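Quick notes on the structure that follows.
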Amino acid sequence: MSDDALMTALGQRARAAATRMAAAPTAAKDAALRALATRLRGQAAAIAAQTEADAANAQAAGLAAPLVDRLRLTPAAIATLAEGCEQLAAMPDPIGEITELRRRPSGIAVGRMRVPLGVFGMIYESRPGVTIEAAALALKSGNAAILRGGSEALDSNRLLADQVRAALADAGLPEDAVQLVPTPDRAAVGRLIAMPEYVDVIIPRGGKGLIARIAAEARVPVIKHLDGNCHTYVDAQVDLALALRVTDNAKTHKYSPCNATESLLVHADQAAAFLPALGRVFAAKGVEMRACPRAAVHLAGLAGVVPATEADWDEEYLAPVISIKVVDSLDEAIAHINRHGSHHTDAILTALHAHAMRFVREVDSASVMVNTSTRFADGFEYGLGAEIGISTDKFHARGPVGLEGLTSLKWVVLGQGEVRA
């Protein structure tokens, strides 16, 4: 079968499944999610082994270390995915809810009903856990999904998609509500993003190159973020122990996610006290510190300190590297973040409530945080059950995209025979 014929067949089956999923009872959707959680736990050893095999193959093929790391699903990670399915099952079903119902002078009542988007296409690299997150969210939100993972995780994704389809069957729902593109051929992606007759929205999740290509070539709407140059700003007045703990976590908890801090801004009043202590922590962990001249003075003598270039302020490293700049004011910090950041996630560490409130109002990012780690920018941590990605767009969905981001609203008008005068 040609790629065009394959994708057309997937699209037709997805559209038919979406019609059934939109009308599926909440009980059936929740039963499928619980069945999926049970299957994930039961197959945890096999899933972990398969992802480890894919990671070993990718490493041997020369794939970059951060991408290799993203291929692995440990038993703990699989348990988290299962918990996310159960969390989704326990959440209220948004589909069919009518809100904002208001009686008009004419006698009609006008409200809005939440409905599924229909069919979404998910294109992602590495991260086989996305297969489960996307499937679970599609299921609860009454959508159908066509998933296309990277070739480096094809076998892992097949194993995971098999668990999803079996869980759908267990609950009496259409297995084709979640379909995996079975070929690594790039032409399949080209077709997936250009068939609006079957696909309502595309959600790419991966490197900047992939997302830029999808955004440029897609003929259907795209929910996306291009990169995650996240900032942590240490303000003029701050609890230094808190700042040290949070900044360390924001950078070194895990280097590969898009919510890891890549740029650190430190107010000049705290630079002498804060930077040497943080620098020792980073040096011990092998983090390269690309410092502006003022920051370098306070980091002198530590391993891994190199001069920052102008390009460093715009960089998403996804590695044990961080750019560090000393600033003279909150105004300068906000201006720097809005100019160089990717509008993903940015945090202020401060003891000043007024500064915190200015930061959350004026920093133009999908998530803004006060006195906590940027690593919390995650659908599971936000209580969404799971996330399908992060959006830095300003329409429809912004930040971690969970259930609500996979739905739309339609107007509902209720009358009792009224006619317009």
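Labeling convention for the structure tokens: chains A, B, ... as they appear, residues from 1 per chain, ligands from 1 in order of appearance.
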Can you tell me, as a ChimeraX atom specification, which residues in segment 188-292 of chain A count as strand (DSSP E or B) by DSSP? /A:201-205,222,230-234,261-267,288-291
One number please: atom CA of Ser391 of chain A to atom CA of Ile223 of chain A, in Å, one decimal.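 These atoms are spaced 6.0 Å apart.
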Which residues are near segment 4-6 of chain A? Cut-off 8 Å, only C-alpha atoms, ignore same chain within fewer than 4 positions. Put them as a PyMOL selection string. chain A and resi 10+188+191
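What separates atom CA of Gly207 of chain A from atom CA of Tyr124 of chain A is a distance of 8.6 Å.
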Restricting the calculation to only C-alpha atoms: of A:Arg420, A:His225, A:Arg245, A:Arg15, which residue gets closest to Ser342 of chain A?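 Ranking A:Arg420, A:His225, A:Arg245, A:Arg15 by distance to Ser342 of chain A, first place goes to A:His225.
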What parts of segment 303-395 of chain A does DSSP call helix (DSSP H, G or I)? I'd like the answer as a CSV table (one decimal) with N, CA and C atoms, in the first residue's frame.
```
chain,number,residue,atom,x,y,z
A,310,GLU,N,26.4,36.3,22.7
A,310,GLU,CA,25.0,36.9,22.6
A,310,GLU,C,24.0,35.8,22.2
A,311,ALA,N,24.5,34.8,21.4
A,311,ALA,CA,23.7,33.7,21.0
A,311,ALA,C,23.2,32.8,22.2
A,312,ASP,N,23.9,32.8,23.3
A,312,ASP,CA,23.6,32.0,24.4
A,312,ASP,C,22.2,32.4,25.0
A,313,TRP,N,21.9,33.7,25.0
A,313,TRP,CA,20.7,34.1,25.6
A,313,TRP,C,19.4,33.6,24.9
A,314,ASP,N,19.6,33.1,23.7
A,314,ASP,CA,18.4,32.5,22.9
A,314,ASP,C,18.4,31.0,22.8
A,330,LEU,N,14.4,44.5,38.2
A,330,LEU,CA,13.3,43.6,37.7
A,330,LEU,C,12.9,44.0,36.3
A,331,ASP,N,12.9,45.3,36.0
A,331,ASP,CA,12.6,45.7,34.6
A,331,ASP,C,13.5,45.1,33.6
A,332,GLU,N,14.8,45.1,33.9
A,332,GLU,CA,15.8,44.5,33.0
A,332,GLU,C,15.5,43.0,32.8
A,333,ALA,N,15.2,42.3,33.9
A,333,ALA,CA,14.9,40.9,33.9
A,333,ALA,C,13.7,40.6,33.0
A,334,ILE,N,12.6,41.3,33.2
A,334,ILE,CA,11.4,41.1,32.4
A,334,ILE,C,11.7,41.4,30.9
A,335,ALA,N,12.4,42.5,30.6
A,335,ALA,CA,12.7,42.8,29.3
A,335,ALA,C,13.6,41.8,28.6
A,336,HIS,N,14.5,41.2,29.3
A,336,HIS,CA,15.4,40.2,28.8
A,336,HIS,C,14.6,38.9,28.5
A,337,ILE,N,13.7,38.5,29.4
A,337,ILE,CA,13.0,37.3,29.2
A,337,ILE,C,12.0,37.5,28.0
A,338,ASN,N,11.3,38.6,27.9
A,338,ASN,CA,10.4,38.8,26.8
A,338,ASN,C,11.1,38.9,25.5
A,339,ARG,N,12.4,39.3,25.5
A,339,ARG,CA,13.1,39.4,24.2
A,339,ARG,C,13.7,38.1,23.8
A,340,HIS,N,14.3,37.4,24.8
A,340,HIS,CA,15.1,36.2,24.4
A,340,HIS,C,14.4,34.9,24.7
A,353,HIS,N,6.3,40.6,47.3
A,353,HIS,CA,5.0,40.2,46.6
A,353,HIS,C,4.8,41.1,45.4
A,354,ALA,N,5.1,42.4,45.5
A,354,ALA,CA,4.8,43.3,44.4
A,354,ALA,C,5.6,42.9,43.2
A,355,HIS,N,6.9,42.5,43.4
A,355,HIS,CA,7.7,42.1,42.3
A,355,HIS,C,7.1,40.8,41.6
A,356,ALA,N,6.7,39.9,42.5
A,356,ALA,CA,6.1,38.6,42.0
A,356,ALA,C,4.9,38.9,41.1
A,357,MET,N,4.0,39.8,41.6
A,357,MET,CA,2.8,40.2,40.8
A,357,MET,C,3.1,40.9,39.5
A,358,ARG,N,4.1,41.7,39.5
A,358,ARG,CA,4.6,42.4,38.3
A,358,ARG,C,5.1,41.3,37.3
A,359,PHE,N,5.9,40.4,37.8
A,359,PHE,CA,6.4,39.4,36.9
A,359,PHE,C,5.4,38.5,36.3
A,360,VAL,N,4.4,38.1,37.1
A,360,VAL,CA,3.3,37.2,36.5
A,360,VAL,C,2.4,38.0,35.5
A,361,ARG,N,2.3,39.3,35.7
A,361,ARG,CA,1.5,40.1,34.7
A,361,ARG,C,2.3,40.4,33.5
A,362,GLU,N,3.5,40.7,33.6
A,362,GLU,CA,4.3,41.3,32.5
A,362,GLU,C,5.1,40.3,31.7
A,374,THR,N,10.8,25.6,37.4
A,374,THR,CA,10.2,25.6,36.1
A,374,THR,C,9.8,24.1,35.7
A,375,ARG,N,10.4,23.2,36.3
A,375,ARG,CA,10.1,21.8,36.0
A,375,ARG,C,8.7,21.4,36.3
A,376,PHE,N,8.0,22.2,37.0
A,376,PHE,CA,6.6,21.9,37.3
A,376,PHE,C,5.6,22.2,36.1
```
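Restricting the calculation to only C-alpha atoms, the smallest distance between Ile388 of chain A and any of A:Glu404, A:Glu52, A:Asp93, A:Glu152 is found for A:Glu404.
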Mind checking which residues fall within 8 Å of segment 246-260 of chain A, counting only C-alpha atoms, ignoring those fewer than 3 positions away in the same chain, and posting them as a list in words? Pro66, Leu67, Asp69, Arg70, Asp227, Gly228, Asn229, Cys230, Thr232, Leu242, Ala243, Leu278, Val281, Phe282, Leu318, Ala319, Pro320, Ile322, His344, Thr345, Asn371, Thr372, Ser373, Thr374, Arg375, Phe376, Ala377 and Asp378 of chain A
Okay, now the selection with N, CA and C atoms, as a tab-separated table (two decimals), in the first residue's frame?
```tsv
chain	number	residue	atom	x	y	z
A	66	PRO	N	20.57	13.46	24.68
A	66	PRO	CA	19.25	13.83	25.21
A	66	PRO	C	18.11	13.07	24.55
A	67	LEU	N	18.24	12.79	23.24
A	67	LEU	CA	17.19	12.04	22.54
A	67	LEU	C	17.19	10.58	22.96
A	69	ASP	N	18.03	9.50	25.89
A	69	ASP	CA	17.44	9.48	27.23
A	69	ASP	C	15.92	9.51	27.16
A	70	ARG	N	15.38	10.22	26.20
A	70	ARG	CA	13.93	10.35	26.08
A	70	ARG	C	13.27	9.06	25.60
A	227	ASP	N	10.47	25.98	20.99
A	227	ASP	CA	11.55	25.60	21.90
A	227	ASP	C	11.22	26.05	23.31
A	228	GLY	N	12.08	25.64	24.24
A	228	GLY	CA	11.83	25.89	25.64
A	228	GLY	C	13.00	26.57	26.32
A	229	ASN	N	13.27	27.81	25.91
A	229	ASN	CA	14.31	28.59	26.59
A	229	ASN	C	13.69	29.21	27.84
A	230	CYS	N	13.66	28.42	28.92
A	230	CYS	CA	13.01	28.83	30.16
A	230	CYS	C	14.00	29.55	31.07
A	232	THR	N	14.96	31.31	34.99
A	232	THR	CA	14.75	31.53	36.42
A	232	THR	C	15.43	32.85	36.77
A	242	LEU	N	16.23	28.98	49.56
A	242	LEU	CA	15.17	28.63	48.62
A	242	LEU	C	15.65	28.79	47.19
A	243	ALA	N	16.30	29.91	46.91
A	243	ALA	CA	16.76	30.18	45.55
A	243	ALA	C	17.77	29.14	45.08
A	278	LEU	N	25.85	28.69	44.13
A	278	LEU	CA	25.25	27.93	43.05
A	278	LEU	C	26.31	27.37	42.12
A	281	VAL	N	27.65	24.11	43.28
A	281	VAL	CA	26.71	23.01	43.03
A	281	VAL	C	26.76	22.58	41.57
A	282	PHE	N	26.72	23.54	40.67
A	282	PHE	CA	26.77	23.22	39.24
A	282	PHE	C	28.10	22.59	38.84
A	318	LEU	N	19.07	21.72	26.30
A	318	LEU	CA	18.68	20.33	26.55
A	318	LEU	C	19.89	19.50	26.97
A	319	ALA	N	20.73	20.10	27.78
A	319	ALA	CA	22.00	19.50	28.17
A	319	ALA	C	22.48	20.18	29.45
A	320	PRO	N	23.52	19.64	30.09
A	320	PRO	CA	24.05	20.27	31.31
A	320	PRO	C	24.83	21.55	31.01
A	322	ILE	N	24.10	26.01	31.06
A	322	ILE	CA	23.18	27.09	31.43
A	322	ILE	C	23.85	28.43	31.17
A	344	HIS	N	7.61	30.04	26.94
A	344	HIS	CA	7.23	28.72	27.45
A	344	HIS	C	6.96	28.80	28.95
A	345	THR	N	8.02	28.86	29.76
A	345	THR	CA	7.90	28.88	31.22
A	345	THR	C	9.03	29.71	31.81
A	371	ASN	N	8.60	31.50	43.00
A	371	ASN	CA	9.26	30.74	44.07
A	371	ASN	C	9.11	29.23	43.92
A	372	THR	N	9.21	28.76	42.67
A	372	THR	CA	9.20	27.32	42.45
A	372	THR	C	9.91	27.00	41.14
A	373	SER	N	10.12	25.72	40.90
A	373	SER	CA	10.92	25.25	39.78
A	373	SER	C	10.14	25.25	38.47
A	374	THR	N	10.80	25.64	37.39
A	374	THR	CA	10.18	25.58	36.06
A	374	THR	C	9.83	24.15	35.67
A	375	ARG	N	10.44	23.17	36.33
A	375	ARG	CA	10.15	21.77	36.00
A	375	ARG	C	8.70	21.38	36.30
A	376	PHE	N	7.96	22.22	37.01
A	376	PHE	CA	6.56	21.93	37.29
A	376	PHE	C	5.64	22.23	36.11
A	377	ALA	N	6.17	22.82	35.04
A	377	ALA	CA	5.34	23.13	33.87
A	377	ALA	C	5.04	21.85	33.12
A	378	ASP	N	4.02	21.15	33.57
A	378	ASP	CA	3.75	19.80	33.10
A	378	ASP	C	2.28	19.49	33.38
```
Counting only C-alpha atoms, what is within 6 Å of Tyr233 of chain A, bar same-chain residues fewer than 6 positions away, as an MDAnalysis selection string? chainID A and resid 264:266 348
Restricting the output to N, CA and C atoms, write the selected residues as an mmCIF file, in the first residue's frame.
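Once written, part-v8.cif looks like this:
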```cif
data_model
loop_
_atom_site.group_PDB
_atom_site.id
_atom_site.type_symbol
_atom_site.label_atom_id
_atom_site.label_comp_id
_atom_site.auth_asym_id
_atom_site.auth_seq_id
_atom_site.Cartn_x
_atom_site.Cartn_y
_atom_site.Cartn_z
ATOM 1 N N LEU A 264 19.664 31.696 33.488
ATOM 2 C CA LEU A 264 19.541 32.186 34.861
ATOM 3 C C LEU A 264 19.868 33.672 34.889
ATOM 4 N N LEU A 265 18.959 34.457 35.455
ATOM 5 C CA LEU A 265 19.183 35.882 35.658
ATOM 6 C C LEU A 265 19.278 36.128 37.160
ATOM 7 N N VAL A 266 20.275 36.890 37.579
ATOM 8 C CA VAL A 266 20.492 37.156 39.009
ATOM 9 C C VAL A 266 20.614 38.667 39.208
ATOM 10 N N ILE A 348 10.182 33.562 38.798
ATOM 11 C CA ILE A 348 10.852 34.544 39.645
ATOM 12 C C ILE A 348 10.973 33.965 41.048
#
```
Contacts of Thr38 of chain A within 8 Å, only C-alpha atoms, excl. fewer than 4 positions in-chain, as an MDAnalysis selection string: chainID A and resid 34 42 82
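Near Ala18 of chain A, within a cut-off of 8 Å and counting only C-alpha atoms, sit the residues Ala14, Arg15, Met21, Ala22, Gly118, Val119, Gly142, Asn143, Ala144 and Ala177 of chain A, with same-chain residues fewer than 3 positions away left out.
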Counting only C-alpha atoms, the option among A:Met113, A:Val222, A:Pro128, A:Glu262 closest to Arg158 of chain A: A:Pro128
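Distances here use only C-alpha atoms; by that measure, the residue among A:Pro105, A:Pro196, A:Gly96, A:Gly84 closest to Gly11 of chain A is A:Pro196.
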Using only C-alpha atoms, which of the listed residues (A:Leu349, A:Leu137, A:Val401, A:Ala187) sits closest to Ala241 of chain A?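 Closest to Ala241 of chain A of all the choices is A:Leu349.
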